[in-house]
Amino acid sequence: MASSFVILNLILSSFLAPISAVAGYVNYLHRGSSLSTKHASDVLQSMDGTFSFGFYNLSSTAFTLSIWFTNSADRTIAWSANQDRPVHESGSKVTLDKDGSMVLTDYDGMVVWQINSSTEAVRAELLDSGNLVVKDQYGGILWQSFDHPTNTLLPMQPVTATVKLVSTDLSHPTSYYTLRFDDRYVLSLAYDGPDISILYWPNPDRSSWENYRISYNRSRSGVLDKLGKFVSSDNTTFYASDWGLEIKRRLTLDYDGNLRLYSLNESDGSWHNSWMALSQACEIHGLCGWNGICGYTPMPGCSCPPGYVVSDPSDWSSGCKPVFNLTCNSDGQKMSFVRIPETDFWGSDLNYVMSTSLQACREMCLSSCSCLAFVYKVYPNGCFLKSALFNGKTVPGYPGTAYVKIPRSFLSSQSQASASELANRLHVCNASKTQTFNYTAHGSKGMGTMWYYLYCFLAVFFLVELCFIAFGWWFMAKTHSARSAMWAAEEGYRIVTHHFRRFTYKELQKATRNFRDELGRGRYGSVYKGVLADNRMVAIKKLKDVKQGEAEFQTEVSVIGRIYHMNLVRVMGVCSEGSYRLLVYEYIENGSLAMFLFHGKGQLQWQHRYKIAVGVAKGLAYLHHECMDWIIHCDVKPENILLDQDFEPKISDFGLAKMLQRDQADPSMSKIRGTRGYIAPEWVSSLPISEKVDVYSYGVVLLELVMGLRVSELPANGSGDEGAALRQLVWTVTEKIKTDDQTWIDGVVDPRLDGNFVRSEVLLVLELAVLCLEKERNQRPNMNHVGQKFLS
């Protein structure tokens, strides 16, 4: 029976071989055959054409035996057999030997890589999943590439207890970043360097349960399914932003140490990022090497502390080295410190002392020969003595300061140098800007004087704050004597600090009279007018389609709650109970811009329209370039621009793109996020999304401010293309701007203004509108540039 099966298998193989050749591809390698670098056609291809297997040319003379995405623009590699040892162009080949082993040899016959099996292999086949399998005569799998990943996992390829990803790059074949199950059986990202091994994802400062992970599940397995959802045994779960079928994906541990999920746009072969493990690059450990400091300007980059220089300018991961010799105090060497604000060096703690002064912390570091620096944090006061400078990061708002030990003689020799010469400039990846950190040298002489003034300042500040709090308590007790003591205390504290707070669902139900007075309705939910117990009027948005759990939702909203800008609607609080998710906003008196432009609420004079254009630009610039958490609005339109009593614009619904799975809120939108008529071209073409989608939407709003009508409702001259009218309008305005005659402006401006407008301001708004509406996103200005244009 077995011999009959073998004969049948051989007959089918010989019959299918010519069929595969006719179809234009071969997806298997039979026993005794080989692939070589000599012939470019020596490539196996999966039946559906997605993957190819063969020799991948790193250069004209160096090749790896790899599996790659056939239709990606850069032929992205999914797996390699010999990524650390490329073979030469001439004479290299891979052979499925007659004894059943698969062997890769270099030009001189040296074996570079091989598969040995106790059972003879008869066939190597590339499957549609991207898995290269070696089979025996019965079709059983003897070996498969899915069990030996390099830096990438493909859909349905499991990560297990014995499998790990190692980041790599064609220019950096060796890396220290890995994705693996740690000692607690938690799927983790780790920096596994020659001198140190550290976990950095999930957050190492939190316990497993705080990270929503399950420890010690011995099954240790995880997989990315074909829909774009990843689930593992430790409860690691995430979704692709374009969750759904018919999309080619890969989960790759990139060379920078970040784990990213990519989706392929098959129309142009480009990849776009649909999920990443860490949104802040400086949270990745070891990114800037030993003694290096990671920072944002706003792009992530590396720098060296004063007294240190980069070890290898071409590779900042090699870190920094000191330009001085540091010896113990017993040798008579005097020490001092340089101060680096808002900076931390994670780990390498010699000691940690609570509730101590800065001076005491400094003395402890001076008395220890092993102490290279200390980090001093406030609230509560904490002293961290550091035995090494690793995982350095500078983050605006960080409540700690690093003090790096430097020989006093070195500082003296630098006394004639300017601050810009003493401090190392930040090396910014992919950016033209550089930033000099504010380093300040602190010797022992000035410490006493500094502390004297600091204590005086703190004492005065405490007295003022105490008086202010007392006044707040008195005011609340007088005007709201009927309230309970607990409510008065809470409100008194709120008056002093304006702090973001959490509401109960019952409170908001009462404030809105059971959600009776609806102000409006949008894609993300309905907005109701409410009056809180202290008689403050608020707008309460009842959200729908929120996918996060309660704790995660509150964490994300609290970030938005800390954002404050005069042109952004203030988020005052949140309710997250059971299935209810509500946001409490400040109440804006005049409603939305759309009500004035399109629904006849009232006449909007030109000076108000110009103020709105400038204010919205400032608000978007803040979201794009100044927030710690980078926020793209994704739905800029007049309905989301509210006007206060002075017609100052305030952008609403910012940050909701971060919290909501908006793809599923409106099935008609598919993967597109936003509102038709304001959607940038890259949404439709599935290009990677950046802040330039907001710039495009802002351009449409500028045209509507000038014209006083909805651009998407312009007649399309019989064309079925919804964007034809807008493109024609932009082209016409662009051509008119080039002329010296400006009388054409009168025919564009909203006739309701009756000629009461400033022609130069209208021209500037139209010029910015056409710039923002460029089809190529790289041609559009950023919002900082737009704001500068208004001020110039």
# chains A, B, ... in the order shown; residues from 1 in each chain; ligands from 1
$ residues_around --residues "Leu753 of chain A" --least-positions-apart "4" --cutoff "8 Å" --atoms "only C-alpha atoms" --output "VMD selection string"
chain A and resid 605 to 606 749 757
$ residues_around --residues "Trp68 of chain A" --least-positions-apart "2" --cutoff "8 Å" --atoms "only C-alpha atoms" --output "CSV table (one decimal) with C-alpha atoms, in the first residue's frame"
chain,number,residue,atom,x,y,z
A,51,PHE,CA,5.9,35.0,-1.9
A,52,SER,CA,9.1,34.1,-3.7
A,53,PHE,CA,12.0,32.0,-2.5
A,66,SER,CA,15.4,34.3,1.5
A,70,THR,CA,6.9,39.3,-4.5
A,75,ARG,CA,10.9,43.1,-2.2
A,76,THR,CA,10.6,43.0,1.6
A,77,ILE,CA,12.3,39.9,3.2
A,78,ALA,CA,10.1,37.7,5.4
A,79,TRP,CA,12.7,35.1,6.2
$ closest_residue --among "A:Leu251, A:Leu165, A:Ile214, A:Val636" --to "Ala190 of chain A" --atoms "only C-alpha atoms"
A:Leu165
$ residues_around --residues "segment 401-404 of chain A" --least-positions-apart "5" --cutoff "10 Å" --atoms "only C-alpha atoms" --output "number ranges by chain"
A: 305-307, 336-345, 362, 365, 371-378, 384-386, 389, 392-394, 439-442
$ residues_around --residues "Ser117 of chain A" --least-positions-apart "2" --cutoff "12 Å" --atoms "only C-alpha atoms" --output "list of chain:residue names"
A:Leu96, A:Asp97, A:Asp99, A:Gly100, A:Ser101, A:Met102, A:Val103, A:Gln114, A:Ile115, A:Thr119, A:Glu120, A:Ala121, A:Val122, A:Val134, A:Lys135, A:Asp136, A:Ile141, A:Leu142, A:Trp143, A:Gln144
$ atom_distance --atom1 "atom CA of Val163 of chain A" --atom2 "atom CA of Cys282 of chain A"
26.6 Å
$ residues_around --residues "Arg220 of chain A" --least-positions-apart "3" --cutoff "12 Å" --atoms "only C-alpha atoms" --output "PyMOL selection string"
chain A and resi 158-164+180-188+214-217+223+231-236
$ write_last_selection --atoms "N, CA and C atoms" --output "short mmCIF file (atom, residue, chain, number, x, y, z; two decimals), in the first residue's frame"
data_model
loop_
_atom_site.label_atom_id
_atom_site.label_comp_id
_atom_site.auth_asym_id
_atom_site.auth_seq_id
_atom_site.Cartn_x
_atom_site.Cartn_y
_atom_site.Cartn_z
N PRO A 158 3.15 30.93 14.32
CA PRO A 158 3.11 31.09 15.78
C PRO A 158 4.45 31.52 16.36
N VAL A 159 4.39 32.29 17.43
CA VAL A 159 5.56 32.52 18.27
C VAL A 159 5.36 31.65 19.50
N THR A 160 6.36 30.84 19.87
CA THR A 160 6.23 29.85 20.94
C THR A 160 7.37 30.00 21.94
N ALA A 161 7.40 29.07 22.89
CA ALA A 161 8.43 29.12 23.93
C ALA A 161 9.83 29.00 23.35
N THR A 162 9.97 28.30 22.22
CA THR A 162 11.29 28.07 21.63
C THR A 162 11.58 28.98 20.44
N VAL A 163 10.67 29.87 20.13
CA VAL A 163 10.80 30.74 18.96
C VAL A 163 10.93 32.19 19.42
N LYS A 164 11.80 32.93 18.81
CA LYS A 164 11.92 34.36 19.11
C LYS A 164 12.28 35.11 17.83
N ARG A 180 10.35 37.70 22.67
CA ARG A 180 10.37 36.33 23.21
C ARG A 180 9.51 36.27 24.45
N PHE A 181 9.21 35.07 24.89
CA PHE A 181 8.56 34.86 26.18
C PHE A 181 9.63 34.90 27.27
N ASP A 182 9.41 35.74 28.30
CA ASP A 182 10.41 35.89 29.35
C ASP A 182 10.25 34.81 30.42
N ASP A 183 10.96 34.99 31.53
CA ASP A 183 10.95 33.98 32.60
C ASP A 183 9.59 33.84 33.26
N ARG A 184 8.72 34.86 33.11
CA ARG A 184 7.37 34.78 33.67
C ARG A 184 6.36 34.30 32.63
N TYR A 185 6.87 33.89 31.47
CA TYR A 185 6.05 33.42 30.35
C TYR A 185 5.19 34.55 29.79
N VAL A 186 5.71 35.78 29.87
CA VAL A 186 5.04 36.94 29.30
C VAL A 186 5.75 37.32 28.01
N LEU A 187 5.00 37.52 26.94
CA LEU A 187 5.59 37.91 25.66
C LEU A 187 6.16 39.31 25.80
N SER A 188 7.46 39.46 25.57
CA SER A 188 8.15 40.70 25.90
C SER A 188 9.13 41.09 24.80
N ILE A 214 -1.03 37.97 31.72
CA ILE A 214 -1.16 36.80 32.58
C ILE A 214 0.20 36.13 32.67
N SER A 215 0.69 35.94 33.89
CA SER A 215 2.01 35.32 34.09
C SER A 215 1.89 33.80 34.22
N TYR A 216 2.97 33.12 33.86
CA TYR A 216 3.16 31.70 34.10
C TYR A 216 2.10 30.82 33.44
N ASN A 217 1.61 31.21 32.28
CA ASN A 217 0.80 30.33 31.45
C ASN A 217 1.77 29.49 30.61
N VAL A 223 -0.21 34.16 18.07
CA VAL A 223 -0.31 34.11 16.61
C VAL A 223 -1.09 35.32 16.10
N VAL A 231 -3.19 37.49 19.25
CA VAL A 231 -3.55 37.02 20.59
C VAL A 231 -2.50 36.03 21.03
N SER A 232 -2.08 36.12 22.31
CA SER A 232 -1.13 35.15 22.84
C SER A 232 -1.59 34.64 24.19
N SER A 233 -0.91 33.64 24.68
CA SER A 233 -1.32 32.95 25.91
C SER A 233 -1.23 33.85 27.14
N ASP A 234 -0.44 34.91 27.09
CA ASP A 234 -0.31 35.81 28.24
C ASP A 234 -1.28 36.98 28.17
N ASN A 235 -2.24 36.92 27.26
CA ASN A 235 -3.28 37.94 27.10
C ASN A 235 -2.81 39.15 26.29
N THR A 236 -1.66 39.06 25.63
CA THR A 236 -1.26 40.12 24.71
C THR A 236 -2.24 40.11 23.54
#
$ residues_around --residues "Asn27 of chain A" --least-positions-apart "3" --cutoff "6 Å" --atoms "only C-alpha atoms" --output "ChimeraX atom specification"
/A:44-46,125-126
$ write_last_selection --atoms "C-alpha atoms" --output "CSV table (one decimal), in the first residue's frame"
chain,number,residue,atom,x,y,z
A,44,LEU,CA,10.3,29.3,-6.3
A,45,GLN,CA,7.0,31.2,-6.0
A,46,SER,CA,3.9,30.4,-4.0
A,125,GLU,CA,7.6,23.6,-1.3
A,126,LEU,CA,6.8,27.3,-0.8
